[in-house]
>>> print(open('data.txt').read())   # compact mmCIF, N, CA and C atoms
# COMPACT_ATOMS: atom_id res chain seq x y z
N MET A 1066 0.82 -1.20 0.00
CA MET A 1066 0.00 0.00 0.00
C MET A 1066 0.87 1.26 0.00
N ALA A 1067 1.91 1.30 0.84
CA ALA A 1067 2.79 2.46 0.87
C ALA A 1067 3.46 2.65 -0.49
N GLU A 1068 3.77 1.52 -1.16
CA GLU A 1068 4.38 1.60 -2.47
C GLU A 1068 3.43 2.25 -3.46
N THR A 1069 2.15 1.88 -3.41
CA THR A 1069 1.15 2.47 -4.29
C THR A 1069 1.00 3.96 -4.00
N ASN A 1070 0.92 4.33 -2.71
CA ASN A 1070 0.81 5.74 -2.35
C ASN A 1070 2.00 6.55 -2.84
N ARG A 1071 3.19 5.99 -2.73
CA ARG A 1071 4.39 6.69 -3.18
C ARG A 1071 4.34 6.90 -4.69
N ARG A 1072 3.93 5.84 -5.41
CA ARG A 1072 3.86 5.96 -6.85
C ARG A 1072 2.83 7.00 -7.26
N GLU A 1073 1.67 7.02 -6.60
CA GLU A 1073 0.62 7.98 -6.92
C GLU A 1073 1.03 9.40 -6.59
N SER A 1074 1.89 9.58 -5.58
CA SER A 1074 2.28 10.92 -5.16
C SER A 1074 3.36 11.50 -6.05
N GLY A 1075 3.97 10.65 -6.88
CA GLY A 1075 5.08 11.12 -7.67
C GLY A 1075 6.40 10.96 -6.93
N LEU A 1076 6.38 10.37 -5.74
CA LEU A 1076 7.60 10.13 -4.98
C LEU A 1076 8.21 8.81 -5.42
N PRO A 1077 9.53 8.75 -5.55
CA PRO A 1077 10.16 7.49 -5.90
C PRO A 1077 9.91 6.44 -4.84
N GLU A 1078 9.90 5.19 -5.27
CA GLU A 1078 9.62 4.09 -4.35
C GLU A 1078 10.70 3.89 -3.32
N ASP A 1079 11.93 4.37 -3.59
CA ASP A 1079 13.02 4.18 -2.64
C ASP A 1079 12.98 5.17 -1.48
N GLY A 1080 11.98 6.06 -1.45
CA GLY A 1080 11.86 7.01 -0.36
C GLY A 1080 12.48 8.35 -0.69
N GLY A 1081 13.45 8.38 -1.61
CA GLY A 1081 14.02 9.65 -2.02
C GLY A 1081 13.04 10.34 -2.96
N THR A 1082 13.10 11.67 -2.98
CA THR A 1082 12.14 12.37 -3.81
C THR A 1082 12.79 13.28 -4.82
N THR A 1083 14.09 13.40 -4.77
CA THR A 1083 14.75 14.35 -5.65
C THR A 1083 16.06 13.80 -6.14
N ALA A 1084 16.63 14.49 -7.11
CA ALA A 1084 17.96 14.12 -7.58
C ALA A 1084 18.97 14.24 -6.44
N ALA A 1085 18.78 15.24 -5.57
CA ALA A 1085 19.70 15.43 -4.45
C ALA A 1085 19.65 14.23 -3.51
N ALA A 1086 18.47 13.64 -3.33
CA ALA A 1086 18.34 12.49 -2.43
C ALA A 1086 19.04 11.28 -3.01
N SER A 1087 19.16 11.22 -4.34
CA SER A 1087 19.82 10.07 -4.96
C SER A 1087 21.28 10.34 -5.27
N GLY A 1088 21.81 11.45 -4.76
CA GLY A 1088 23.22 11.73 -4.92
C GLY A 1088 23.52 12.85 -5.90
N GLY A 1089 22.56 13.25 -6.74
CA GLY A 1089 22.77 14.33 -7.69
C GLY A 1089 22.23 15.63 -7.13
N GLU A 1090 22.63 16.74 -7.73
CA GLU A 1090 22.17 18.06 -7.28
C GLU A 1090 21.06 18.54 -8.21
N MET A 1091 19.95 18.99 -7.64
CA MET A 1091 18.85 19.51 -8.44
C MET A 1091 19.15 20.94 -8.86
N THR A 1092 18.66 21.30 -10.03
CA THR A 1092 18.73 22.70 -10.43
C THR A 1092 17.59 23.44 -9.75
N PHE A 1093 17.66 24.76 -9.77
CA PHE A 1093 16.59 25.57 -9.20
C PHE A 1093 15.27 25.24 -9.89
N GLU A 1094 15.31 25.12 -11.21
CA GLU A 1094 14.10 24.85 -11.98
C GLU A 1094 13.50 23.49 -11.64
N GLN A 1095 14.35 22.48 -11.47
CA GLN A 1095 13.86 21.16 -11.10
C GLN A 1095 13.21 21.19 -9.71
N ALA A 1096 13.84 21.89 -8.79
CA ALA A 1096 13.31 21.98 -7.43
C ALA A 1096 11.96 22.71 -7.43
N MET A 1097 11.86 23.78 -8.21
CA MET A 1097 10.60 24.53 -8.28
C MET A 1097 9.50 23.67 -8.90
N GLU A 1098 9.83 22.93 -9.93
CA GLU A 1098 8.84 22.07 -10.58
C GLU A 1098 8.35 20.99 -9.61
N ALA A 1099 9.27 20.39 -8.88
CA ALA A 1099 8.90 19.37 -7.89
C ALA A 1099 8.05 19.99 -6.79
N LEU A 1100 8.40 21.19 -6.36
CA LEU A 1100 7.63 21.88 -5.32
C LEU A 1100 6.22 22.20 -5.81
N GLU A 1101 6.10 22.66 -7.04
CA GLU A 1101 4.78 22.95 -7.61
C GLU A 1101 3.92 21.70 -7.68
N THR A 1102 4.53 20.57 -8.04
CA THR A 1102 3.80 19.31 -8.09
C THR A 1102 3.28 18.92 -6.71
N ILE A 1103 4.13 19.08 -5.70
CA ILE A 1103 3.73 18.75 -4.33
C ILE A 1103 2.60 19.65 -3.86
N VAL A 1104 2.72 20.94 -4.13
CA VAL A 1104 1.67 21.89 -3.73
C VAL A 1104 0.34 21.53 -4.39
N ALA A 1105 0.38 21.20 -5.67
CA ALA A 1105 -0.85 20.82 -6.38
C ALA A 1105 -1.48 19.58 -5.75
N ARG A 1106 -0.66 18.59 -5.41
CA ARG A 1106 -1.19 17.36 -4.77
C ARG A 1106 -1.82 17.68 -3.43
N LEU A 1107 -1.13 18.50 -2.63
CA LEU A 1107 -1.67 18.83 -1.31
C LEU A 1107 -2.93 19.67 -1.41
N GLU A 1108 -2.97 20.60 -2.35
CA GLU A 1108 -4.16 21.43 -2.52
C GLU A 1108 -5.33 20.62 -3.04
N GLY A 1109 -5.05 19.52 -3.74
CA GLY A 1109 -6.11 18.65 -4.24
C GLY A 1109 -6.93 18.04 -3.11
N GLY A 1110 -6.30 17.84 -1.97
CA GLY A 1110 -7.02 17.34 -0.80
C GLY A 1110 -7.32 15.86 -0.79
N ASP A 1111 -6.87 15.11 -1.78
CA ASP A 1111 -7.18 13.69 -1.83
C ASP A 1111 -6.00 12.82 -1.42
N VAL A 1112 -5.10 13.38 -0.63
CA VAL A 1112 -3.90 12.67 -0.19
C VAL A 1112 -4.11 12.17 1.24
N PRO A 1113 -3.84 10.90 1.49
CA PRO A 1113 -3.94 10.39 2.87
C PRO A 1113 -3.00 11.16 3.80
N LEU A 1114 -3.35 11.23 5.07
CA LEU A 1114 -2.61 12.04 6.03
C LEU A 1114 -1.13 11.71 6.07
N GLU A 1115 -0.77 10.44 6.15
CA GLU A 1115 0.64 10.06 6.23
C GLU A 1115 1.40 10.54 5.01
N GLN A 1116 0.80 10.37 3.85
CA GLN A 1116 1.43 10.80 2.61
C GLN A 1116 1.50 12.33 2.55
N ALA A 1117 0.47 13.01 3.04
CA ALA A 1117 0.46 14.47 3.05
C ALA A 1117 1.60 15.01 3.92
N ILE A 1118 1.87 14.35 5.02
CA ILE A 1118 2.97 14.77 5.89
C ILE A 1118 4.30 14.59 5.17
N GLU A 1119 4.48 13.46 4.49
CA GLU A 1119 5.71 13.23 3.72
C GLU A 1119 5.87 14.30 2.64
N LEU A 1120 4.78 14.58 1.93
CA LEU A 1120 4.83 15.60 0.87
C LEU A 1120 5.15 16.98 1.45
N TYR A 1121 4.55 17.30 2.58
CA TYR A 1121 4.80 18.59 3.22
C TYR A 1121 6.28 18.72 3.60
N GLN A 1122 6.83 17.68 4.21
CA GLN A 1122 8.24 17.71 4.61
C GLN A 1122 9.15 17.87 3.39
N GLU A 1123 8.86 17.16 2.32
CA GLU A 1123 9.65 17.30 1.10
C GLU A 1123 9.49 18.69 0.51
N GLY A 1124 8.29 19.23 0.56
CA GLY A 1124 8.05 20.58 0.07
C GLY A 1124 8.85 21.62 0.84
N MET A 1125 8.92 21.45 2.14
CA MET A 1125 9.71 22.38 2.96
C MET A 1125 11.19 22.28 2.61
N ARG A 1126 11.67 21.06 2.38
CA ARG A 1126 13.07 20.88 2.01
C ARG A 1126 13.36 21.53 0.65
N LEU A 1127 12.43 21.35 -0.29
CA LEU A 1127 12.59 21.95 -1.61
C LEU A 1127 12.53 23.47 -1.55
N ALA A 1128 11.64 24.00 -0.72
CA ALA A 1128 11.54 25.46 -0.57
C ALA A 1128 12.85 26.03 -0.03
N LYS A 1129 13.46 25.35 0.93
CA LYS A 1129 14.74 25.80 1.48
C LYS A 1129 15.83 25.71 0.42
N LEU A 1130 15.83 24.63 -0.35
CA LEU A 1130 16.81 24.48 -1.42
C LEU A 1130 16.69 25.64 -2.42
N CYS A 1131 15.46 25.97 -2.82
CA CYS A 1131 15.24 27.07 -3.76
C CYS A 1131 15.71 28.40 -3.15
N SER A 1132 15.36 28.62 -1.90
CA SER A 1132 15.77 29.85 -1.22
C SER A 1132 17.29 29.97 -1.14
N ASP A 1133 17.94 28.87 -0.78
CA ASP A 1133 19.41 28.87 -0.70
C ASP A 1133 20.04 29.15 -2.05
N LYS A 1134 19.48 28.54 -3.10
CA LYS A 1134 20.02 28.76 -4.44
C LYS A 1134 19.83 30.22 -4.87
N LEU A 1135 18.67 30.81 -4.58
CA LEU A 1135 18.44 32.21 -4.92
C LEU A 1135 19.42 33.12 -4.19
N GLU A 1136 19.64 32.88 -2.91
CA GLU A 1136 20.59 33.69 -2.15
C GLU A 1136 21.99 33.57 -2.75
N HIS A 1137 22.36 32.37 -3.14
CA HIS A 1137 23.68 32.15 -3.74
C HIS A 1137 23.81 32.96 -5.03
N PHE A 1138 22.79 32.92 -5.87
CA PHE A 1138 22.85 33.64 -7.14
C PHE A 1138 22.80 35.15 -6.92
N GLU A 1139 22.06 35.62 -5.93
CA GLU A 1139 22.02 37.05 -5.64
C GLU A 1139 23.40 37.56 -5.27
N ARG A 1140 24.16 36.76 -4.54
CA ARG A 1140 25.51 37.17 -4.16
C ARG A 1140 26.43 37.25 -5.37
N LYS A 1141 26.13 36.49 -6.41
CA LYS A 1141 26.95 36.49 -7.61
C LYS A 1141 26.64 37.66 -8.55
N ILE A 1142 25.44 38.17 -8.44
CA ILE A 1142 25.01 39.22 -9.38
C ILE A 1142 25.72 40.53 -9.04
N GLU A 1143 26.23 41.15 -10.06
CA GLU A 1143 26.82 42.47 -9.89
C GLU A 1143 26.02 43.47 -10.72
N MET A 1144 25.87 44.64 -10.17
CA MET A 1144 25.16 45.69 -10.89
C MET A 1144 26.18 46.70 -11.40
N LEU A 1145 25.89 47.26 -12.53
CA LEU A 1145 26.70 48.36 -13.03
C LEU A 1145 26.01 49.65 -12.63
N ALA A 1146 26.72 50.49 -11.91
CA ALA A 1146 26.15 51.75 -11.47
C ALA A 1146 27.04 52.88 -11.99
N GLU A 1147 26.40 53.99 -12.29
CA GLU A 1147 27.15 55.13 -12.78
C GLU A 1147 27.57 55.99 -11.60
N GLU A 1148 28.86 56.23 -11.49
CA GLU A 1148 29.40 57.09 -10.44
C GLU A 1148 30.43 58.01 -11.06
N GLY A 1149 30.22 59.30 -10.95
CA GLY A 1149 31.19 60.26 -11.46
C GLY A 1149 31.44 60.14 -12.95
N GLY A 1150 30.44 59.78 -13.71
CA GLY A 1150 30.57 59.72 -15.16
C GLY A 1150 31.12 58.41 -15.69
N SER A 1151 31.46 57.45 -14.81
CA SER A 1151 31.94 56.16 -15.28
C SER A 1151 31.13 55.04 -14.64
N LEU A 1152 31.15 53.88 -15.30
CA LEU A 1152 30.43 52.73 -14.77
C LEU A 1152 31.29 52.00 -13.75
N VAL A 1153 30.68 51.66 -12.62
CA VAL A 1153 31.39 50.98 -11.55
C VAL A 1153 30.61 49.71 -11.20
N ARG A 1154 31.32 48.59 -10.99
CA ARG A 1154 30.66 47.35 -10.58
C ARG A 1154 30.37 47.41 -9.09
N LYS A 1155 29.13 47.05 -8.74
CA LYS A 1155 28.73 47.00 -7.34
C LYS A 1155 28.01 45.69 -7.09
N PRO A 1156 28.15 45.14 -5.88
CA PRO A 1156 27.42 43.91 -5.58
C PRO A 1156 25.92 44.16 -5.57
N PHE A 1157 25.17 43.15 -5.92
CA PHE A 1157 23.72 43.23 -5.93
C PHE A 1157 23.23 43.38 -4.50
N ALA A 1158 22.36 44.36 -4.28
CA ALA A 1158 21.76 44.56 -2.96
C ALA A 1158 20.27 44.73 -3.16
N PRO A 1159 19.49 43.64 -3.00
CA PRO A 1159 18.04 43.76 -3.22
C PRO A 1159 17.42 44.72 -2.22
N GLN A 1160 16.43 45.46 -2.70
CA GLN A 1160 15.74 46.40 -1.83
C GLN A 1160 14.74 45.64 -1.00
N ASP A 1161 14.50 46.14 0.21
CA ASP A 1161 13.44 45.57 1.03
C ASP A 1161 12.11 45.84 0.35
N LYS A 1162 11.13 44.98 0.61
CA LYS A 1162 9.82 45.11 -0.02
C LYS A 1162 9.16 46.45 0.30
N GLY A 1163 9.47 47.02 1.44
CA GLY A 1163 8.85 48.27 1.87
C GLY A 1163 9.49 49.50 1.29
N GLU A 1164 10.70 49.36 0.72
CA GLU A 1164 11.40 50.53 0.16
C GLU A 1164 10.85 50.88 -1.20
N SER A 1165 10.84 52.18 -1.49
CA SER A 1165 10.40 52.60 -2.81
C SER A 1165 11.61 52.85 -3.69
N VAL A 1166 11.42 52.67 -4.97
CA VAL A 1166 12.51 52.88 -5.93
C VAL A 1166 12.43 54.29 -6.43
N GLY A 1167 13.59 54.98 -6.52
CA GLY A 1167 13.65 56.31 -7.09
C GLY A 1167 13.53 57.31 -6.03
>>> encode(input="data.txt", output="structure tokens")
Amino acid sequence: MAETNRRESGLPEDGGTTAAASGGEMTFEQAMEALETIVARLEGGDVPLEQAIELYQEGMRLAKLCSDKLEHFERKIEMLAEEGGSLVRKPFAPQDKGESVG
């Protein structure tokens, strides 16, 4: 029965749910796609409680993976800003949601 539930949920039968669980690293896009699939299953409401808990835990892990990857890429992004008539490279500094631009 657990095997059937795993197959229906889109979770691999070995208990791992991602490339990272099987030793490979997921891309941001793969993690987001897997997270969207999990959210859709949970929102459907037809998932048994035990399976819903497993899906929720995997969703939280994927959300953290996506967040960590975004933070990593934000640190890599450099902005070109004009200072004193010339372009200067500056590290990316995202604005807080409450700040206005300009």
>>> atom_distance(input="data.txt", atom1="atom N of Met1091 of chain A", atom2="atom N of Ile1118 of chain A")
22.6 Å
>>> atom_distance(input="data.txt", atom1="atom N of Leu1120 of chain A", atom2="atom CA of Ile1103 of chain A")
7.6 Å
>>> atom_distance(input="data.txt", atom1="atom N of Ala1117 of chain A", atom2="atom CA of Glu1101 of chain A")
15.2 Å
>>> closest_residue(input="data.txt", among="A:Phe1157, A:Glu1136, A:Val1104, A:Glu1094", to="Tyr1121 of chain A", atoms="only N, CA and C atoms")
A:Val1104
>>> closest_residue(input="data.txt", among="A:Leu1127, A:Ile1142, A:Val1112, A:Val1153", to="Thr1092 of chain A", atoms="only C-alpha atoms")
A:Leu1127
>>> closest_residue(input="data.txt", among="A:Cys1131, A:Gly1124, A:Glu1090, A:Arg1154", to="Arg1106 of chain A", atoms="only C-alpha atoms")
A:Gly1124
>>> select_by_dssp(input="data.txt", residues="segment 1087-1116 of chain A", states="alpha helix (DSSP H)", output="ChimeraX atom specification")
/A:1093-1109,1114-1116
>>> write_last_selection(input="data.txt", atoms="N, CA and C atoms", output="CSV table (one decimal), in the coordinates of the input")
chain,number,residue,atom,x,y,z
A,1093,PHE,N,17.7,24.8,-9.8
A,1093,PHE,CA,16.6,25.6,-9.2
A,1093,PHE,C,15.3,25.2,-9.9
A,1094,GLU,N,15.3,25.1,-11.2
A,1094,GLU,CA,14.1,24.8,-12.0
A,1094,GLU,C,13.5,23.5,-11.6
A,1095,GLN,N,14.4,22.5,-11.5
A,1095,GLN,CA,13.9,21.2,-11.1
A,1095,GLN,C,13.2,21.2,-9.7
A,1096,ALA,N,13.8,21.9,-8.8
A,1096,ALA,CA,13.3,22.0,-7.4
A,1096,ALA,C,12.0,22.7,-7.4
A,1097,MET,N,11.9,23.8,-8.2
A,1097,MET,CA,10.6,24.5,-8.3
A,1097,MET,C,9.5,23.7,-8.9
A,1098,GLU,N,9.8,22.9,-9.9
A,1098,GLU,CA,8.8,22.1,-10.6
A,1098,GLU,C,8.4,21.0,-9.6
A,1099,ALA,N,9.3,20.4,-8.9
A,1099,ALA,CA,8.9,19.4,-7.9
A,1099,ALA,C,8.0,20.0,-6.8
A,1100,LEU,N,8.4,21.2,-6.4
A,1100,LEU,CA,7.6,21.9,-5.3
A,1100,LEU,C,6.2,22.2,-5.8
A,1101,GLU,N,6.1,22.7,-7.0
A,1101,GLU,CA,4.8,23.0,-7.6
A,1101,GLU,C,3.9,21.7,-7.7
A,1102,THR,N,4.5,20.6,-8.0
A,1102,THR,CA,3.8,19.3,-8.1
A,1102,THR,C,3.3,18.9,-6.7
A,1103,ILE,N,4.1,19.1,-5.7
A,1103,ILE,CA,3.7,18.8,-4.3
A,1103,ILE,C,2.6,19.6,-3.9
A,1104,VAL,N,2.7,20.9,-4.1
A,1104,VAL,CA,1.7,21.9,-3.7
A,1104,VAL,C,0.3,21.5,-4.4
A,1105,ALA,N,0.4,21.2,-5.7
A,1105,ALA,CA,-0.8,20.8,-6.4
A,1105,ALA,C,-1.5,19.6,-5.8
A,1106,ARG,N,-0.7,18.6,-5.4
A,1106,ARG,CA,-1.2,17.4,-4.8
A,1106,ARG,C,-1.8,17.7,-3.4
A,1107,LEU,N,-1.1,18.5,-2.6
A,1107,LEU,CA,-1.7,18.8,-1.3
A,1107,LEU,C,-2.9,19.7,-1.4
A,1108,GLU,N,-3.0,20.6,-2.4
A,1108,GLU,CA,-4.2,21.4,-2.5
A,1108,GLU,C,-5.3,20.6,-3.0
A,1109,GLY,N,-5.0,19.5,-3.7
A,1109,GLY,CA,-6.1,18.6,-4.2
A,1109,GLY,C,-6.9,18.0,-3.1
A,1114,LEU,N,-3.4,11.2,5.1
A,1114,LEU,CA,-2.6,12.0,6.0
A,1114,LEU,C,-1.1,11.7,6.1
A,1115,GLU,N,-0.8,10.4,6.2
A,1115,GLU,CA,0.6,10.1,6.2
A,1115,GLU,C,1.4,10.5,5.0
A,1116,GLN,N,0.8,10.4,3.8
A,1116,GLN,CA,1.4,10.8,2.6
A,1116,GLN,C,1.5,12.3,2.6
